[in-house]
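input-v4.pdb follows (PDB, C-alpha atoms):
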ATOM      1  CA  MET A   1     123.663  82.812  97.290
ATOM      2  CA  LYS A   2     120.910  80.211  96.839
ATOM      3  CA  LEU A   3     122.516  77.991  99.492
ATOM      4  CA  ILE A   4     122.568  80.906 101.936
ATOM      5  CA  LEU A   5     118.889  81.652 101.332
ATOM      6  CA  LEU A   6     117.948  77.990 101.738
ATOM      7  CA  THR A   7     119.900  77.786 104.980
ATOM      8  CA  GLN A   8     118.197  80.893 106.319
ATOM      9  CA  LEU A   9     114.785  79.538 105.387
ATOM     10  CA  ALA A  10     115.511  76.282 107.166
ATOM     11  CA  LEU A  11     116.515  78.205 110.278
ATOM     12  CA  ALA A  12     113.309  80.198 110.062
ATOM     13  CA  VAL A  13     111.152  77.086 109.887
ATOM     14  CA  GLN A  14     113.083  75.534 112.759
ATOM     15  CA  GLY A  15     112.222  78.645 114.694
ATOM     16  CA  PHE A  16     108.538  78.027 113.988
ATOM     17  CA  ILE A  17     108.684  74.394 115.038
ATOM     18  CA  ALA A  18     110.434  75.195 118.305
ATOM     19  CA  PRO A  19     108.549  78.237 119.625
ATOM     20  CA  ILE A  20     109.624  79.976 122.791
ATOM     21  CA  THR A  21     107.288  80.314 125.738
ATOM     22  CA  PRO A  22     107.038  83.523 127.772
ATOM     23  CA  SER A  23     109.180  81.795 130.387
ATOM     24  CA  GLY A  24     112.032  81.348 127.906
ATOM     25  CA  LYS A  25     111.656  77.607 127.272
ATOM     26  CA  VAL A  26     111.445  75.787 123.955
ATOM     27  CA  MET A  27     108.325  73.781 123.174
ATOM     28  CA  GLY A  28     108.439  70.349 121.587
ATOM     29  CA  ARG A  29     106.441  69.398 118.510
ATOM     30  CA  ASN A  30     103.596  68.061 120.650
ATOM     31  CA  GLY A  31     103.174  71.470 122.284
ATOM     32  CA  ARG A  32     104.796  70.451 125.575
ATOM     33  CA  VAL A  33     107.802  72.115 127.138
ATOM     34  CA  PRO A  34     110.806  69.787 127.467
ATOM     35  CA  SER A  35     113.214  70.026 130.363
ATOM     36  CA  GLN A  36     116.045  71.621 128.368
ATOM     37  CA  ARG A  37     116.477  75.384 128.545
ATOM     38  CA  LEU A  38     116.692  77.546 125.413
ATOM     39  CA  GLU A  39     120.465  77.793 125.498
ATOM     40  CA  ASN A  40     120.791  73.971 125.179
ATOM     41  CA  SER A  41     118.122  73.497 122.509
ATOM     42  CA  HIS A  42     120.615  73.630 119.618
ATOM     43  CA  LEU A  43     122.010  70.261 120.690
ATOM     44  CA  GLN A  44     118.798  68.584 119.537
ATOM     45  CA  VAL A  45     118.930  69.791 115.923
ATOM     46  CA  LEU A  46     122.598  69.201 115.071
ATOM     47  CA  PRO A  47     122.240  65.508 114.079
ATOM     48  CA  SER A  48     119.452  66.295 111.571
ATOM     49  CA  ALA A  49     120.772  69.611 110.258
ATOM     50  CA  ALA A  50     120.921  68.441 106.623
ATOM     51  CA  THR A  51     117.426  66.957 106.782
ATOM     52  CA  SER A  52     116.046  70.117 108.357
ATOM     53  CA  LEU A  53     117.721  72.219 105.664
ATOM     54  CA  ILE A  54     116.002  70.377 102.819
ATOM     55  CA  ALA A  55     112.641  70.005 104.565
ATOM     56  CA  GLY A  56     112.605  73.627 105.652
ATOM     57  CA  SER A  57     113.464  74.858 102.170
ATOM     58  CA  ILE A  58     110.709  72.820 100.512
ATOM     59  CA  ALA A  59     108.116  73.663 103.173
ATOM     60  CA  GLY A  60     108.877  77.364 103.083
ATOM     61  CA  ALA A  61     108.751  77.539  99.293
ATOM     62  CA  VAL A  62     105.473  75.624  99.117
ATOM     63  CA  GLY A  63     103.878  77.763 101.828
ATOM     64  CA  VAL A  64     104.793  81.138 100.328
ATOM     65  CA  GLY A  65     104.034  80.031  96.780
ATOM     66  CA  ALA A  66     100.647  78.555  97.642
ATOM     67  CA  ALA A  67      99.545  81.667  99.511
ATOM     68  CA  TYR A  68     100.945  84.221  97.065
ATOM     69  CA  PRO A  69      97.841  84.572  94.830
ATOM     70  CA  LEU A  70      95.860  85.660  97.896
ATOM     71  CA  ASP A  71      98.483  88.292  98.617
ATOM     72  CA  THR A  72      98.174  89.598  95.052
ATOM     73  CA  ILE A  73      94.388  89.806  95.387
ATOM     74  CA  LYS A  74      94.813  91.664  98.675
ATOM     75  CA  THR A  75      97.177  94.172  97.099
ATOM     76  CA  HIS A  76      94.828  94.847  94.180
ATOM     77  CA  GLN A  77      91.934  95.444  96.545
ATOM     78  CA  GLN A  78      93.942  97.848  98.666
ATOM     79  CA  ILE A  79      95.149  99.810  95.650
ATOM     80  CA  LYS A  80      91.961 100.261  93.689
ATOM     81  CA  GLU A  81      89.438  97.474  94.030
ATOM     82  CA  ASP A  82      86.326  97.919  96.170
ATOM     83  CA  SER A  83      87.529 101.288  97.469
ATOM     84  CA  CYS A  84      86.002 103.796  95.037
ATOM     85  CA  SER A  85      89.475 105.243  94.627
ATOM     86  CA  GLU A  86      92.043 104.650  91.934
ATOM     87  CA  ILE A  87      95.795 105.131  92.217
ATOM     88  CA  ASP A  88      97.599 106.600  89.191
ATOM     89  CA  TYR A  89     101.184 105.503  89.843
ATOM     90  CA  VAL A  90     104.010 107.863  88.886
ATOM     91  CA  LEU A  91     107.500 106.474  89.463
ATOM     92  CA  SER A  92     108.957 109.516  91.213
ATOM     93  CA  PRO A  93     109.777 110.500  94.787
ATOM     94  CA  THR A  94     106.612 112.599  95.047
ATOM     95  CA  GLY A  95     104.129 110.439  93.133
ATOM     96  CA  GLU A  96     100.558 111.377  92.355
ATOM     97  CA  ILE A  97      97.224 110.138  93.637
ATOM     98  CA  SER A  98      93.866 110.922  92.081
ATOM     99  CA  ILE A  99      90.641 109.816  93.719
ATOM    100  CA  VAL A 100      87.830 109.171  91.230
ATOM    101  CA  ALA A 101      84.354 107.747  91.564
ATOM    102  CA  CYS A 102      84.014 104.113  90.583
ATOM    103  CA  GLN A 103      81.715 101.167  91.021
ATOM    104  CA  GLU A 104      82.387  99.014  94.033
ATOM    105  CA  LYS A 105      84.177  95.773  93.236
ATOM    106  CA  GLY A 106      84.613  92.823  95.567
ATOM    107  CA  MET A 107      87.232  90.140  95.919
ATOM    108  CA  PHE A 108      85.818  87.973  93.135
ATOM    109  CA  LYS A 109      85.779  90.924  90.743
ATOM    110  CA  SER A 110      89.445  91.482  91.591
ATOM    111  CA  ILE A 111      90.189  87.842  90.782
ATOM    112  CA  SER A 112      88.354  88.157  87.476
ATOM    113  CA  ASP A 113      90.207  91.349  86.544
ATOM    114  CA  ILE A 114      93.625  89.836  87.300
ATOM    115  CA  TRP A 115      92.792  86.694  85.336
ATOM    116  CA  ASN A 116      91.436  88.572  82.323
ATOM    117  CA  THR A 117      94.424  90.921  82.260
ATOM    118  CA  SER A 118      97.360  88.587  82.869
ATOM    119  CA  GLY A 119      96.070  85.056  83.300
ATOM    120  CA  ILE A 120      97.517  82.772  85.947
ATOM    121  CA  ALA A 121     100.854  84.593  85.804
ATOM    122  CA  GLY A 122      99.146  87.732  87.080
ATOM    123  CA  PHE A 123      98.681  86.152  90.484
ATOM    124  CA  TYR A 124     102.414  85.480  90.857
ATOM    125  CA  GLY A 125     104.022  88.802  89.962
ATOM    126  CA  GLY A 126     107.051  89.272  92.219
ATOM    127  CA  VAL A 127     106.809  85.832  93.815
ATOM    128  CA  GLN A 128     110.540  85.097  93.420
ATOM    129  CA  THR A 129     111.585  88.232  95.281
ATOM    130  CA  SER A 130     109.004  87.589  97.964
ATOM    131  CA  MET A 131     110.119  83.993  98.548
ATOM    132  CA  ALA A 132     113.805  84.880  98.709
ATOM    133  CA  GLY A 133     113.166  87.949 100.832
ATOM    134  CA  GLN A 134     110.920  86.169 103.291
ATOM    135  CA  ALA A 135     113.589  83.507 103.802
ATOM    136  CA  ILE A 136     115.932  86.211 105.073
ATOM    137  CA  ILE A 137     113.213  88.056 106.997
ATOM    138  CA  LYS A 138     111.921  84.988 108.843
ATOM    139  CA  ALA A 139     115.420  83.769 109.688
ATOM    140  CA  THR A 140     116.264  87.198 111.096
ATOM    141  CA  ALA A 141     113.021  87.435 113.051
ATOM    142  CA  PHE A 142     113.462  84.151 114.867
ATOM    143  CA  SER A 143     117.176  84.549 115.507
ATOM    144  CA  VAL A 144     116.674  88.064 116.934
ATOM    145  CA  ASN A 145     113.768  86.831 119.043
ATOM    146  CA  ALA A 146     115.837  83.965 120.452
ATOM    147  CA  ALA A 147     118.839  86.222 121.103
ATOM    148  CA  ALA A 148     116.685  88.783 122.929
ATOM    149  CA  ILE A 149     115.156  86.107 125.170
ATOM    150  CA  SER A 150     118.595  84.691 125.949
ATOM    151  CA  ASP A 151     119.616  88.197 127.027
ATOM    152  CA  GLY A 152     116.806  88.301 129.577
ATOM    153  CA  PHE A 153     113.904  89.880 127.660
ATOM    154  CA  ASP A 154     110.516  88.218 128.027
ATOM    155  CA  LEU A 155     108.628  86.970 124.959
ATOM    156  CA  ILE A 156     106.601  90.158 124.391
ATOM    157  CA  TYR A 157     109.617  92.474 124.319
ATOM    158  CA  ALA A 158     111.735  89.978 122.357
ATOM    159  CA  ALA A 159     109.061  89.656 119.676
ATOM    160  CA  ALA A 160     108.725  93.447 119.457
ATOM    161  CA  ILE A 161     112.479  93.781 118.946
ATOM    162  CA  ALA A 162     112.351  91.133 116.215
ATOM    163  CA  GLY A 163     109.553  93.021 114.469
ATOM    164  CA  PHE A 164     111.500  96.275 114.639
ATOM    165  CA  VAL A 165     114.621  94.746 113.090
ATOM    166  CA  THR A 166     112.805  92.866 110.327
ATOM    167  CA  ALA A 167     110.854  95.982 109.295
ATOM    168  CA  PHE A 168     114.000  97.390 107.696
ATOM    169  CA  LEU A 169     114.403  94.189 105.676
ATOM    170  CA  ALA A 170     110.730  94.018 104.733
ATOM    171  CA  VAL A 171     110.562  97.493 103.147
ATOM    172  CA  PRO A 172     112.593  96.804  99.961
ATOM    173  CA  VAL A 173     111.100  93.327  99.567
ATOM    174  CA  ASP A 174     107.541  94.648  99.883
ATOM    175  CA  ARG A 175     108.288  97.593  97.587
ATOM    176  CA  ILE A 176     109.285  95.296  94.726
ATOM    177  CA  LYS A 177     106.419  92.917  95.509
ATOM    178  CA  VAL A 178     103.743  95.625  95.463
ATOM    179  CA  LEU A 179     105.016  97.148  92.220
ATOM    180  CA  MET A 180     105.274  93.747  90.528
ATOM    181  CA  GLN A 181     101.733  92.898  91.596
ATOM    182  CA  THR A 182     100.254  96.132  90.270
ATOM    183  CA  ASN A 183     102.451  97.177  87.311
ATOM    184  CA  SER A 184     103.688  95.699  84.045
ATOM    185  CA  PHE A 185     107.377  95.229  84.721
ATOM    186  CA  ALA A 186     108.922  92.365  82.777
ATOM    187  CA  SER A 187     110.849  91.096  85.803
ATOM    188  CA  GLU A 188     111.870  91.936  89.344
ATOM    189  CA  TYR A 189     115.216  93.071  87.977
ATOM    190  CA  ASP A 190     113.538  95.602  85.668
ATOM    191  CA  CYS A 191     111.391  96.787  88.568
ATOM    192  CA  PHE A 192     114.453  97.188  90.787
ATOM    193  CA  ASN A 193     116.290  99.194  88.124
ATOM    194  CA  ALA A 194     113.274 101.432  87.499
ATOM    195  CA  VAL A 195     112.931 102.326  91.177
ATOM    196  CA  VAL A 196     116.651 102.917  91.712
ATOM    197  CA  ASP A 197     116.999 104.973  88.519
ATOM    198  CA  LYS A 198     114.093 107.268  89.389
ATOM    199  CA  GLU A 199     114.264 107.384  93.189
ATOM    200  CA  GLY A 200     117.691 106.102  94.161
ATOM    201  CA  LEU A 201     118.344 103.516  96.858
ATOM    202  CA  LYS A 202     116.451 105.703  99.315
ATOM    203  CA  GLY A 203     113.257 105.111  97.370
ATOM    204  CA  LEU A 204     113.795 101.364  97.527
ATOM    205  CA  MET A 205     114.969 101.079 101.123
ATOM    206  CA  LEU A 206     112.880 103.719 102.925
ATOM    207  CA  THR A 207     109.571 104.172 101.064
ATOM    208  CA  GLY A 208     106.901 102.925 103.456
ATOM    209  CA  LEU A 209     109.251 102.443 106.414
ATOM    210  CA  VAL A 210     107.066 104.248 108.959
ATOM    211  CA  PRO A 211     103.880 102.241 108.312
ATOM    212  CA  THR A 212     105.969  99.071 108.012
ATOM    213  CA  LEU A 213     107.370  99.643 111.509
ATOM    214  CA  PHE A 214     103.878 100.220 112.875
ATOM    215  CA  ARG A 215     102.788  96.988 111.205
ATOM    216  CA  GLU A 216     105.692  94.658 111.962
ATOM    217  CA  VAL A 217     106.273  95.427 115.651
ATOM    218  CA  PRO A 218     102.731  94.725 116.934
ATOM    219  CA  ALA A 219     102.158  91.935 114.396
ATOM    220  CA  TYR A 220     105.251  89.970 115.423
ATOM    221  CA  THR A 221     104.505  90.578 119.088
ATOM    222  CA  LEU A 222     100.992  89.196 118.735
ATOM    223  CA  TYR A 223     102.089  86.349 116.466
ATOM    224  CA  PHE A 224     104.787  84.969 118.766
ATOM    225  CA  TYR A 225     102.474  85.231 121.753
ATOM    226  CA  LEU A 226      99.450  83.568 120.085
ATOM    227  CA  TYR A 227     101.502  80.796 118.518
ATOM    228  CA  GLY A 228     103.266  80.026 121.782
ATOM    229  CA  MET A 229     100.025  79.919 123.728
ATOM    230  CA  MET A 230      98.287  77.730 121.132
ATOM    231  CA  MET A 231     101.157  75.272 120.927
ATOM    232  CA  SER A 232     101.199  74.906 124.690
ATOM    233  CA  SER A 233      97.512  73.956 124.741
ATOM    234  CA  ALA A 234      96.870  72.370 121.325
ATOM    235  CA  GLY A 235      99.587  69.719 121.398
ATOM    236  CA  ASP A 236      97.581  67.060 123.229
ATOM    237  CA  MET A 237      94.362  67.951 121.422
ATOM    238  CA  PHE A 238      95.608  67.955 117.810
ATOM    239  CA  GLY A 239      98.783  65.908 118.029
ATOM    240  CA  SER A 240     100.954  66.023 114.906
ATOM    241  CA  ILE A 241      98.793  68.661 113.176
ATOM    242  CA  ALA A 242      99.095  71.101 116.095
ATOM    243  CA  PRO A 243     101.831  73.214 114.420
ATOM    244  CA  ALA A 244      99.727  73.585 111.260
ATOM    245  CA  ILE A 245      96.594  74.573 113.158
ATOM    246  CA  SER A 246      98.435  76.858 115.557
ATOM    247  CA  GLY A 247     100.273  78.559 112.738
ATOM    248  CA  ALA A 248      97.130  79.048 110.669
ATOM    249  CA  VAL A 249      95.067  80.498 113.501
ATOM    250  CA  SER A 250      97.747  82.739 114.986
ATOM    251  CA  GLY A 251      98.863  83.895 111.547
ATOM    252  CA  ALA A 252      95.332  84.832 110.495
ATOM    253  CA  LEU A 253      94.499  86.606 113.752
ATOM    254  CA  CYS A 254      97.659  88.651 114.125
ATOM    255  CA  VAL A 255      97.071  90.523 110.839
ATOM    256  CA  VAL A 256      93.648  91.875 111.845
ATOM    257  CA  PRO A 257      94.582  94.699 114.263
ATOM    258  CA  VAL A 258      97.376  95.985 111.991
ATOM    259  CA  HIS A 259      95.473  95.716 108.709
ATOM    260  CA  PRO A 260      94.671  99.462 108.409
ATOM    261  CA  VAL A 261      98.401 100.144 108.629
ATOM    262  CA  ASP A 262      99.042  97.538 105.933
ATOM    263  CA  VAL A 263      96.572  99.309 103.625
ATOM    264  CA  VAL A 264      98.436 102.600 104.095
ATOM    265  CA  LYS A 265     101.798 100.877 103.571
ATOM    266  CA  THR A 266     100.653  99.251 100.338
ATOM    267  CA  VAL A 267      99.427 102.532  98.854
ATOM    268  CA  VAL A 268     102.556 104.379  99.997
ATOM    269  CA  GLN A 269     104.841 101.829  98.346
ATOM    270  CA  HIS A 270     102.707 101.791  95.208
ATOM    271  CA  SER A 271     102.441 105.554  94.778
ATOM    272  CA  ALA A 272     105.625 106.807  96.510
ATOM    273  CA  THR A 273     103.475 109.264  98.447
ATOM    274  CA  GLU A 274     103.872 110.378 102.071
ATOM    275  CA  TRP A 275     101.859 108.270 104.469
ATOM    276  CA  GLN A 276     100.062 111.291 105.946
ATOM    277  CA  GLU A 277      98.664 112.166 102.527
ATOM    278  CA  VAL A 278      97.643 108.560 101.923
ATOM    279  CA  VAL A 279      95.718 108.438 105.205
ATOM    280  CA  GLN A 280      93.912 111.655 104.337
ATOM    281  CA  ASN A 281      93.056 110.504 100.808
ATOM    282  CA  ILE A 282      91.723 107.130 101.954
ATOM    283  CA  TYR A 283      89.579 108.713 104.652
ATOM    284  CA  GLU A 284      88.213 111.411 102.341
ATOM    285  CA  GLY A 285      87.556 108.903  99.565
ATOM    286  CA  GLN A 286      85.826 106.180 101.553
ATOM    287  CA  GLY A 287      85.937 106.854 105.262
ATOM    288  CA  LEU A 288      87.054 104.305 107.818
ATOM    289  CA  GLU A 289      85.927 101.424 105.595
ATOM    290  CA  GLY A 290      88.754 102.212 103.211
ATOM    291  CA  PHE A 291      91.320 101.105 105.787
ATOM    292  CA  TRP A 292      89.949  97.563 105.814
ATOM    293  CA  GLU A 293      90.238  96.759 102.106
ATOM    294  CA  GLY A 294      91.667  93.314 101.358
ATOM    295  CA  LEU A 295      91.335  91.959 104.905
ATOM    296  CA  LEU A 296      89.752  88.647 103.906
ATOM    297  CA  PRO A 297      92.392  87.593 101.346
ATOM    298  CA  ARG A 298      95.127  88.773 103.694
ATOM    299  CA  MET A 299      93.830  86.594 106.535
ATOM    300  CA  GLY A 300      93.528  83.710 104.085
ATOM    301  CA  ARG A 301      97.067  84.240 102.868
ATOM    302  CA  ALA A 302      98.478  84.203 106.399
ATOM    303  CA  ALA A 303      96.524  81.083 107.355
ATOM    304  CA  VAL A 304      97.452  79.142 104.208
ATOM    305  CA  ASN A 305     101.107  80.174 104.312
ATOM    306  CA  HIS A 306     101.794  79.158 107.901
ATOM    307  CA  SER A 307      99.562  76.087 107.878
ATOM    308  CA  ILE A 308     101.153  74.585 104.755
ATOM    309  CA  THR A 309     104.674  75.434 105.890
ATOM    310  CA  PHE A 310     104.228  73.607 109.183
ATOM    311  CA  ALA A 311     102.363  70.619 107.695
ATOM    312  CA  VAL A 312     104.896  70.034 104.896
ATOM    313  CA  TYR A 313     107.893  70.410 107.209
ATOM    314  CA  GLU A 314     106.536  67.948 109.777
ATOM    315  CA  ALA A 315     105.553  65.410 107.114
ATOM    316  CA  LEU A 316     108.962  65.503 105.426
ATOM    317  CA  MET A 317     110.878  65.270 108.705
ATOM    318  CA  HIS A 318     108.741  62.335 109.863
ATOM    319  CA  ASN A 319     109.136  60.415 106.587
ATOM    320  CA  TRP A 320     112.880  60.993 106.239
ATOM    321  CA  GLN A 321     113.648  60.114 109.844
ATOM    322  CA  THR A 322     111.916  56.736 109.437
ATOM    323  CA  ILE A 323     113.979  55.814 106.345
TER     324      ILE A 323
END

Same coordinates, now as structure tokens:
Amino acid sequence: MKLILLTQLALAVQGFIAPITPSGKVMGRNGRVPSQRLENSHLQVLPSAATSLIAGSIAGAVGVGAAYPLDTIKTHQQIKEDSCSEIDYVLSPTGEISIVACQEKGMFKSISDIWNTSGIAGFYGGVQTSMAGQAIIKATAFSVNAAAISDGFDLIYAAAIAGFVTAFLAVPVDRIKVLMQTNSFASEYDCFNAVVDKEGLKGLMLTGLVPTLFREVPAYTLYFYLYGMMMSSAGDMFGSIAPAISGAVSGALCVVPVHPVDVVKTVVQHSATEWQEVVQNIYEGQGLEGFWEGLLPRMGRAAVNHSITFAVYEALMHNWQTI
């Protein structure tokens, strides 16, 4: 199982390093488009498959792990910090939400609360599930995107299809992640059992699906487009660090327009409440500002994750190929 996950993660990172332009071509590492078409690009990676597997696995793990504390801070802010609303979680299909007055708390107060409550471990609740799940999600996203383009779809439609497919994989992974970040489960396994026992597989697989779809489809569409455009123009300017810079910028920017949906999704998966009720409660409790909680740490998480993944992968591949 571990070998499968590592292989999928390597494929995902390879997908990042060889982005597809709107015309259906594969870009090189310097941001330029080589002469080969997409359908022949696999010939270039076969000789270094083993090296790519190891480098991709290490780079992906380092990227997700390094950015995970920011994701935990984001989740805490969206649930109760700096929103003047507090979620009382009840592990049942209906759930309960009570909105109570509270003092406003910023990102640094959230960091302090997590540290004082759980120490350094509090920033990494659910990290194992997230790392394993994202390996599968990213591999699926890039393979679906490539398959759609090879079938004649342009980049925008291909990316949207990839986002739609990966949304169904992201729901159970995010459900466990959110609950581990905001509850006192001993392990991901205990969290999984608690959800399945109380809500069944439906509660694990479908809670938050609607907002996840409305998040993943536009986010992946914007991400693929921004990254492709930046790589095509930043290669000559930034050279070997172009993938890191392009990934950081496009990753940070693509989360902004869908952030209100991410706030709703987080609360839905935390409270097991219908998304319509969550939207109403957030608006009544804080107005439109409530839909933008946790934006800064989320942008930071996306930038750090993609930047480190690309930088580590390129450095390892360069060093190993010169041995």

Distance query A:Val165 at most 8 Å, only C-alpha atoms, self and fewer than 6 positions along chain excluded, as a list in words: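 Contacts, in chain order: Thr140, Ala141 and Val144 of chain A.
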
Skip A:His306 itself and residues of its chain fewer than 6 positions away, then list as a tab-separated table (two decimals) with C-alpha atoms, keeping the file's coordinate frame all residues within 8 Å of it, counting all atoms listed in the file.
chain	number	residue	atom	x	y	z
A	63	GLY	CA	103.88	77.76	101.83
A	244	ALA	CA	99.73	73.58	111.26
A	247	GLY	CA	100.27	78.56	112.74
A	248	ALA	CA	97.13	79.05	110.67
A	251	GLY	CA	98.86	83.90	111.55

Env of A:Pro211: 10 Å cut, atoms = all atoms listed in the file, seq-sep filter 3 positions within chain, self excluded. Answer as a PyMOL selection string. chain A and resi 167+171+207-208+214-216+258+260-266+268+275

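Across A:Ala147, A:Met131, A:Leu179, A:Ile161, the tightest approach to A:Ser271 is made by A:Leu179 when counting all atoms listed in the file.
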
Suppose a student applies the PyMOL selection byres ((chain A and resi 122) around 12) to this structure; what residues should they get, written as a count of residues only? 31

Length of the atom CA of A:Ala252 to atom CA of A:Gly300 vector [Å]: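 Distance between the two atoms: 6.8 Å.
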
For the atom pair atom CA of A:Val256 and atom CA of A:Lys202, what is the interatomic distance in Å to one decimal place?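 Straight-line distance from atom CA of A:Val256 to atom CA of A:Lys202 works out to 29.5 Å.
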
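Here atom CA of A:Cys254 is placed at a distance of 15.0 Å from atom CA of A:Ala162.
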
Ranking A:His318, A:His259, A:Arg175, A:Arg298 by minimum distance to A:Leu209 and counting all atoms listed in the file, which one comes first?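 Among the listed residues, A:Arg175 lies closest to A:Leu209.
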
With all atoms listed in the file as the basis for distance, which of A:Leu169, A:Ala302, A:Met231, A:Ile245 is at the shortest distance from A:Ile137? A:Leu169

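Across A:Ser250, A:Gln269, A:Gln128, A:Ser187, the tightest approach to A:Thr221 is made by A:Ser250 when counting all atoms listed in the file.
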
Which polymer residues have any atom within 9 Å of an atom of A:Leu222, counting all atoms listed in the file, with same-chain residues fewer than 5 positions away left out, as JSON, numbers by chain? {"A": [156, 159, 160, 217, 227, 250, 253, 254, 255]}

Each side padded by 3 Å, which centre and which edge lengths in Å (one decimal) define the axis-aligned box around the listed atoms of stretch 187-202 of chain A? Give them as AutoDock Vina command-line options.
--center_x 114.6 --center_y 99.2 --center_z 92.5 --size_x 13.5 --size_y 22.3 --size_z 19.6

Between A:Asp190, A:Phe153, A:Leu206, A:Tyr220, single out the one closest to A:Lys138, counting all atoms listed in the file. A:Tyr220

Pick from A:Ser130, A:Asn281, A:Gln286, A:Thr273 nearest to A:Lys177, counting only C-alpha atoms: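 Counting only C-alpha atoms, the residue closest to A:Lys177 is A:Ser130.
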